[in-house]
Structures are given as structure tokens and as C-alpha cells.
file entry_0.pdb (PDB, C-alpha atoms and all ligand atoms)
MODEL        1
ATOM      1  CA  MET B   9      12.669  10.012 -10.268
ATOM      2  CA  GLY B  10      14.314   7.212 -12.088
ATOM      3  CA  PHE B  11      15.001   3.786 -10.700
ATOM      4  CA  ASP B  12      15.123   4.580  -6.995
ATOM      5  CA  GLN B  13      12.526   1.971  -6.169
ATOM      6  CA  TYR B  14      14.948  -0.847  -6.944
ATOM      7  CA  HIS B  15      17.358  -2.108  -4.337
ATOM      8  CA  GLU B  16      18.498  -4.989  -6.490
ATOM      9  CA  PRO B  17      19.618  -4.889 -10.120
ATOM     10  CA  PRO B  18      16.348  -4.374 -12.054
ATOM     11  CA  GLU B  19      17.436  -6.736 -14.823
ATOM     12  CA  GLU B  20      17.643  -9.537 -12.248
ATOM     13  CA  LEU B  21      14.134  -8.920 -10.920
ATOM     14  CA  PRO B  22      11.091 -10.693 -12.346
ATOM     15  CA  ALA B  23       8.573  -8.468 -14.094
ATOM     16  CA  ASN B  24       5.967  -8.885 -11.339
ATOM     17  CA  THR B  25       8.501  -7.783  -8.712
ATOM     18  CA  ARG B  26       9.379  -4.687 -10.777
ATOM     19  CA  THR B  27       5.689  -3.854 -11.063
ATOM     20  CA  PHE B  28       5.267  -4.431  -7.330
ATOM     21  CA  ALA B  29       8.163  -2.047  -6.627
ATOM     22  CA  ARG B  30       6.671   0.589  -8.942
ATOM     23  CA  MET B  31       3.353   0.354  -7.145
ATOM     24  CA  CYS B  32       5.066   0.619  -3.749
ATOM     25  CA  ALA B  33       6.819   3.770  -5.009
ATOM     26  CA  SER B  34       3.487   5.107  -6.237
ATOM     27  CA  LEU B  35       1.854   4.361  -2.867
ATOM     28  CA  THR B  36       4.634   6.314  -1.156
ATOM     29  CA  GLU B  37       4.198   9.246  -3.540
ATOM     30  CA  GLU B  38       0.448   9.342  -2.934
ATOM     31  CA  ALA B  39       0.990   9.345   0.837
ATOM     32  CA  GLU B  40       3.514  12.173   0.466
ATOM     33  CA  ALA B  41       1.040  14.179  -1.619
ATOM     34  CA  ILE B  42      -1.665  13.660   1.020
ATOM     35  CA  GLY B  43       0.709  15.003   3.659
ATOM     36  CA  TRP B  44       1.702  17.979   1.504
ATOM     37  CA  TYR B  45      -1.929  18.933   0.919
ATOM     38  CA  GLU B  46      -2.608  18.560   4.627
ATOM     39  CA  GLN B  47       0.145  21.069   5.345
ATOM     40  CA  ARG B  48      -1.028  23.475   2.641
ATOM     41  CA  LEU B  49      -4.605  23.305   3.928
ATOM     42  CA  ALA B  50      -3.391  24.041   7.448
ATOM     43  CA  VAL B  51      -1.867  27.365   6.419
ATOM     44  CA  GLU B  52      -3.919  28.552   3.405
ATOM     45  CA  PRO B  53      -6.318  31.378   4.348
ATOM     46  CA  ASP B  54      -8.078  31.714   0.953
ATOM     47  CA  ALA B  55     -11.303  29.676   1.008
ATOM     48  CA  GLU B  56     -11.406  29.066  -2.758
ATOM     49  CA  ALA B  57      -7.791  27.906  -2.794
ATOM     50  CA  ARG B  58      -8.541  25.658   0.178
ATOM     51  CA  ALA B  59     -11.505  24.136  -1.674
ATOM     52  CA  ILE B  60      -9.307  23.295  -4.648
ATOM     53  CA  MET B  61      -6.594  21.847  -2.423
ATOM     54  CA  SER B  62      -9.158  19.796  -0.536
ATOM     55  CA  ASP B  63     -10.501  18.431  -3.808
ATOM     56  CA  ALA B  64      -6.967  17.574  -4.923
ATOM     57  CA  GLN B  65      -6.246  15.840  -1.617
ATOM     58  CA  GLY B  66      -9.355  13.735  -2.184
ATOM     59  CA  GLU B  67      -7.860  12.594  -5.482
ATOM     60  CA  GLU B  68      -4.713  11.546  -3.635
ATOM     61  CA  PHE B  69      -6.811   9.583  -1.123
ATOM     62  CA  LYS B  70      -8.332   7.726  -4.063
ATOM     63  CA  HIS B  71      -4.955   7.102  -5.696
ATOM     64  CA  PHE B  72      -3.501   5.832  -2.420
ATOM     65  CA  ALA B  73      -6.462   3.500  -1.885
ATOM     66  CA  MET B  74      -6.211   2.093  -5.421
ATOM     67  CA  ASP B  75      -2.460   1.527  -5.120
ATOM     68  CA  LEU B  76      -2.926  -0.168  -1.761
ATOM     69  CA  GLU B  77      -5.698  -2.416  -3.019
ATOM     70  CA  TYR B  78      -3.558  -3.444  -6.006
ATOM     71  CA  LEU B  79      -0.679  -4.382  -3.722
ATOM     72  CA  LEU B  80      -2.881  -6.182  -1.202
ATOM     73  CA  ARG B  81      -4.487  -8.298  -3.935
ATOM     74  CA  ARG B  82      -1.054  -9.557  -4.891
ATOM     75  CA  THR B  83       0.346 -10.061  -1.394
ATOM     76  CA  PRO B  84      -1.789 -12.452   0.663
ATOM     77  CA  ARG B  85       0.116 -12.033   3.930
ATOM     78  CA  TRP B  86      -0.004  -8.249   3.691
ATOM     79  CA  ARG B  87      -3.718  -8.435   2.884
ATOM     80  CA  GLU B  88      -4.422 -10.692   5.840
ATOM     81  CA  ILE B  89      -2.561  -8.391   8.252
ATOM     82  CA  ALA B  90      -4.243  -5.320   6.771
ATOM     83  CA  ARG B  91      -7.620  -6.972   7.197
ATOM     84  CA  GLY B  92      -6.908  -7.367  10.912
ATOM     85  CA  VAL B  93      -5.818  -3.754  11.339
ATOM     86  CA  LEU B  94      -7.822  -1.583   8.959
ATOM     87  CA  PHE B  95     -11.293  -0.308   9.806
ATOM     88  CA  GLN B  96     -11.181  -1.784  13.320
ATOM     89  CA  GLY B  97     -11.988   0.073  16.492
ATOM     90  CA  GLY B  98      -9.798  -0.243  19.538
ATOM     91  CA  ASP B  99      -6.044  -0.510  19.940
ATOM     92  CA  ILE B 100      -4.216  -0.340  16.607
ATOM     93  CA  VAL B 101      -1.020  -1.943  17.900
ATOM     94  CA  GLU B 102      -2.899  -4.831  19.495
ATOM     95  CA  HIS B 103      -4.768  -5.442  16.252
ATOM     96  CA  GLY B 104      -1.480  -5.341  14.345
ATOM     97  CA  GLU B 105       0.202  -7.847  16.619
ATOM     98  CA  ALA B 106      -2.811 -10.163  16.550
ATOM     99  CA  ALA B 107      -3.129  -9.936  12.772
ATOM    100  CA  GLU B 108       0.555 -10.710  12.271
ATOM    101  CA  ALA B 109       0.393 -13.653  14.668
ATOM    102  CA  ALA B 110      -2.676 -14.978  12.868
ATOM    103  CA  THR B 111      -0.657 -15.332   9.671
ATOM    104  CA  GLY B 112       1.682 -17.732  11.437
ATOM    105  CA  GLU B 113       4.702 -15.810  10.233
ATOM    106  CA  GLN B 114       6.752 -13.503  12.394
ATOM    107  CA  ASP B 115      10.206 -12.007  12.680
ATOM    108  CA  GLY B 116      11.978 -12.949   9.505
ATOM    109  CA  ALA B 117       9.855 -15.848   8.434
ATOM    110  CA  ALA B 118       9.346 -16.354   4.738
ATOM    111  CA  SER B 119       7.302 -13.715   3.016
ATOM    112  CA  ALA B 120       4.401 -14.467   0.757
ATOM    113  CA  GLY B 121       5.136 -11.556  -1.503
ATOM    114  CA  PRO B 122       4.310 -11.164  -5.157
ATOM    115  CA  ALA B 123       7.196 -13.385  -6.213
ATOM    116  CA  ALA B 124       5.428 -16.233  -4.421
ATOM    117  CA  GLY B 125       2.715 -15.921  -7.015
ATOM    118  CA  GLY B 126       0.086 -15.541  -4.353
ATOM    119  CA  GLY B 127      -3.055 -13.577  -4.420
ATOM    120  CA  ALA B 128      -6.199 -13.573  -6.341
ATOM    121  CA  PRO B 129      -6.463 -11.961  -9.712
ATOM    122  CA  PRO B 130      -8.087  -8.559  -9.600
ATOM    123  CA  GLY B 131     -11.824  -8.457  -9.607
ATOM    124  CA  ASP B 132     -12.562 -12.113  -8.969
ATOM    125  CA  GLY B 133     -14.240 -11.346  -5.659
ATOM    126  CA  SER B 134     -11.838 -13.553  -3.729
ATOM    127  CA  LEU B 135     -10.287 -12.289  -0.552
ATOM    128  CA  GLY B 136      -6.925 -13.486  -1.827
ATOM    129  CA  ILE B 137      -5.875 -15.209   1.389
ATOM    130  CA  GLY B 138      -6.569 -18.805   0.518
ATOM    131  CA  SER B 139      -2.978 -19.592  -0.421
ATOM    132  CA  LEU B 140      -1.807 -18.988   3.168
ATOM    133  CA  LYS B 141      -4.250 -21.367   4.766
ATOM    134  CA  GLY B 142      -2.609 -24.572   5.840
ATOM    135  CA  ALA B 143       0.820 -23.384   4.746
ATOM    136  CA  THR B 144       3.719 -25.052   6.498
ATOM    137  CA  LEU B 145       6.253 -22.542   7.728
TER     138      LEU B 145
HETATM  139 FE    FE J   1      -1.989  11.010  -6.965
ENDMDL
END

call {"tool": "encode", "arguments": {"input": "entry_0.pdb", "output": "C-alpha cells"}}
result
Amino acid sequence: MGFDQYHEPPEELPANTRTFARMCASLTEEAEAIGWYEQRLAVEPDAEARAIMSDAQGEEFKHFAMDLEYLLRRTPRWREIARGVLFQGGDIVEHGEAAEAATGEQDGAASAGPAAGGGAPPGDGSLGIGSLKGATL
């Protein structure tokens, strides 16, 4: 614990970037917890213990999803790529490449991260990708 999520001096980072980093750390922790429960469930023989662990893993799924949605709402490029990859049938890598190409940014191009001020405010129903449309790169 502590300030591991920062790779730059925290006092030099804007507040929204510090929040973004905290949420990325939280997303990582939720994914780790999901993996830990998966391992525990794979080896636990007691049915009641397994039921409790399965319930707890479901909580971690929810936490992960909420963290991810928060981050995607504030990061239009990430949201647009995720939209092209998530919940699609077929080849995951192909969808990823196509989604990245569709953003018009690849291989080191400028990021539209939270510091860019992009994204829709939570709960407004917007898809949060409008700021990328027509952007000159
Ligand atoms: Fe959690």
C-alpha cells in the first residue's frame, strides 16, 4: 500500500490524474482478487466455503466493472477501443486492432487520457466519445 500507483511526483500531478491513478490501482486490485478467488475455488472441497467464496468473487466482479466504467467514462480513447473489443464474438485480437485503428491513434500517438479533460460526466447517458470525432492527430 501507499503511493505505489504514482510514477511521477504526486505533488506535480493534477488532482484528476491522481484520482485516475487510484482507480487504476483499484482496478488492478479487483482483478487480483478475482484471480485469487478463482484459485481458492479450484482447490476448496467444502461446498459451503465454496459458496461463500463464489459470492465474494461476485462482489469483486462488480467492483472491477464499476472501476472500469469509471475509468472508461473519463478516457474517451480507452472507451472507444473497449467498445470495439468487449462483448463481441469472434477474434479478440482482430477486434482490438480494428478498434485501435478506428480511433486514428496508434503507436505512441497522443493519448486522450483524463488530463485531456475528455469524457462525459457520469450518468449523462452520453457514450463519451464525441471529443475524439474529427480530432486532428
Ligand atoms: Fe473488491

call {"tool": "closest_atom_pairs", "arguments": {"input": "entry_0.pdb", "of": "chain B", "to": "ligand FE 1 (chain J)", "cutoff": "7 Å", "atoms": "all atoms listed in the file", "output": "CSV"}}
result
residue,atom,partner,partner_atom,distance
B:Glu38,CA,J:FE1,FE,5.0
B:Ala41,CA,J:FE1,FE,6.9
B:Glu67,CA,J:FE1,FE,6.3
B:Glu68,CA,J:FE1,FE,4.3
B:His71,CA,J:FE1,FE,5.1

call {"tool": "closest_residue", "arguments": {"input": "entry_0.pdb", "among": "B:Glu105, B:Met61, B:Ala39, B:Phe28", "to": "Arg81 in chain B", "atoms": "only C-alpha atoms"}}
result
B:Phe28

call {"tool": "resolve_selection", "arguments": {"input": "entry_0.pdb", "expression": "the PyMOL selection byres (((chain B and resi 13-20) around 9) and not hetatm)", "output": "compact mmCIF listing (two decimals) with C-alpha atoms, in the coordinates of the input"}}
result
# COMPACT_ATOMS: atom_id res chain seq x y z
CA GLY B 10 14.31 7.21 -12.09
CA PHE B 11 15.00 3.79 -10.70
CA ASP B 12 15.12 4.58 -7.00
CA LEU B 21 14.13 -8.92 -10.92
CA PRO B 22 11.09 -10.69 -12.35
CA ARG B 26 9.38 -4.69 -10.78
CA ALA B 29 8.16 -2.05 -6.63
CA ARG B 30 6.67 0.59 -8.94
CA CYS B 32 5.07 0.62 -3.75
CA ALA B 33 6.82 3.77 -5.01

call {"tool": "closest_residue", "arguments": {"input": "entry_0.pdb", "among": "B:Ala73, B:Gly92, B:Gly112, B:Arg87", "to": "Thr36 in chain B", "atoms": "all atoms listed in the file"}}
result
B:Ala73

call {"tool": "atom_distance", "arguments": {"input": "entry_0.pdb", "atom1": "CA of Ala23 in chain B", "atom2": "CA of Arg91 in chain B"}}
result
26.8 Å

call {"tool": "resolve_selection", "arguments": {"input": "entry_0.pdb", "expression": "the PyMOL selection byres (((chain B and resi 43) around 12) and not hetatm)", "output": "NGL selection string"}}
result
:B and (36-42 or 44-50 or 61-62 or 64-66 or 68-69 or 72)

call {"tool": "atom_distance", "arguments": {"input": "entry_0.pdb", "atom1": "CA of Leu76 in chain B", "atom2": "CA of Val93 in chain B"}}
result
13.9 Å

call {"tool": "atom_distance", "arguments": {"input": "entry_0.pdb", "atom1": "CA of Leu80 in chain B", "atom2": "CA of Leu94 in chain B"}}
result
12.2 Å

call {"tool": "decode", "arguments": {"input": "entry_0.pdb", "residues": "range 82-93 of chain B", "atoms": "N, CA and C atoms", "output": "PDB file, in the first residue's frame"}}
result
ATOM      1  N   ARG B  82     -14.054   8.514 -18.326  1.00  0.00           N
ATOM      2  CA  ARG B  82     -13.129   9.643 -18.299  1.00  0.00           C
ATOM      3  C   ARG B  82     -12.018   9.547 -19.330  1.00  0.00           C
ATOM      4  N   THR B  83     -12.029   8.492 -20.135  1.00  0.00           N
ATOM      5  CA  THR B  83     -10.949   8.279 -21.098  1.00  0.00           C
ATOM      6  C   THR B  83     -11.562   7.879 -22.441  1.00  0.00           C
ATOM      7  N   PRO B  84     -11.921   8.857 -23.259  1.00  0.00           N
ATOM      8  CA  PRO B  84     -12.655   8.554 -24.492  1.00  0.00           C
ATOM      9  C   PRO B  84     -11.970   7.537 -25.407  1.00  0.00           C
ATOM     10  N   ARG B  85     -10.660   7.648 -25.569  1.00  0.00           N
ATOM     11  CA  ARG B  85      -9.988   6.694 -26.468  1.00  0.00           C
ATOM     12  C   ARG B  85     -10.073   5.283 -25.922  1.00  0.00           C
ATOM     13  N   TRP B  86      -9.847   5.144 -24.627  1.00  0.00           N
ATOM     14  CA  TRP B  86      -9.938   3.822 -23.990  1.00  0.00           C
ATOM     15  C   TRP B  86     -11.356   3.277 -24.160  1.00  0.00           C
ATOM     16  N   ARG B  87     -12.346   4.139 -23.944  1.00  0.00           N
ATOM     17  CA  ARG B  87     -13.741   3.713 -24.067  1.00  0.00           C
ATOM     18  C   ARG B  87     -14.052   3.244 -25.477  1.00  0.00           C
ATOM     19  N   GLU B  88     -13.539   3.991 -26.468  1.00  0.00           N
ATOM     20  CA  GLU B  88     -13.834   3.638 -27.850  1.00  0.00           C
ATOM     21  C   GLU B  88     -13.202   2.288 -28.202  1.00  0.00           C
ATOM     22  N   ILE B  89     -11.962   2.068 -27.755  1.00  0.00           N
ATOM     23  CA  ILE B  89     -11.306   0.781 -28.021  1.00  0.00           C
ATOM     24  C   ILE B  89     -12.032  -0.334 -27.281  1.00  0.00           C
ATOM     25  N   ALA B  90     -12.399  -0.086 -26.031  1.00  0.00           N
ATOM     26  CA  ALA B  90     -13.115  -1.110 -25.262  1.00  0.00           C
ATOM     27  C   ALA B  90     -14.430  -1.468 -25.931  1.00  0.00           C
ATOM     28  N   ARG B  91     -15.103  -0.469 -26.462  1.00  0.00           N
ATOM     29  CA  ARG B  91     -16.377  -0.713 -27.137  1.00  0.00           C
ATOM     30  C   ARG B  91     -16.202  -1.663 -28.321  1.00  0.00           C
ATOM     31  N   GLY B  92     -15.055  -1.566 -29.003  1.00  0.00           N
ATOM     32  CA  GLY B  92     -14.803  -2.425 -30.147  1.00  0.00           C
ATOM     33  C   GLY B  92     -14.374  -3.835 -29.775  1.00  0.00           C
ATOM     34  N   VAL B  93     -13.967  -4.015 -28.526  1.00  0.00           N
ATOM     35  CA  VAL B  93     -13.431  -5.312 -28.099  1.00  0.00           C
ATOM     36  C   VAL B  93     -14.416  -6.070 -27.207  1.00  0.00           C
TER      37      VAL B  93
END
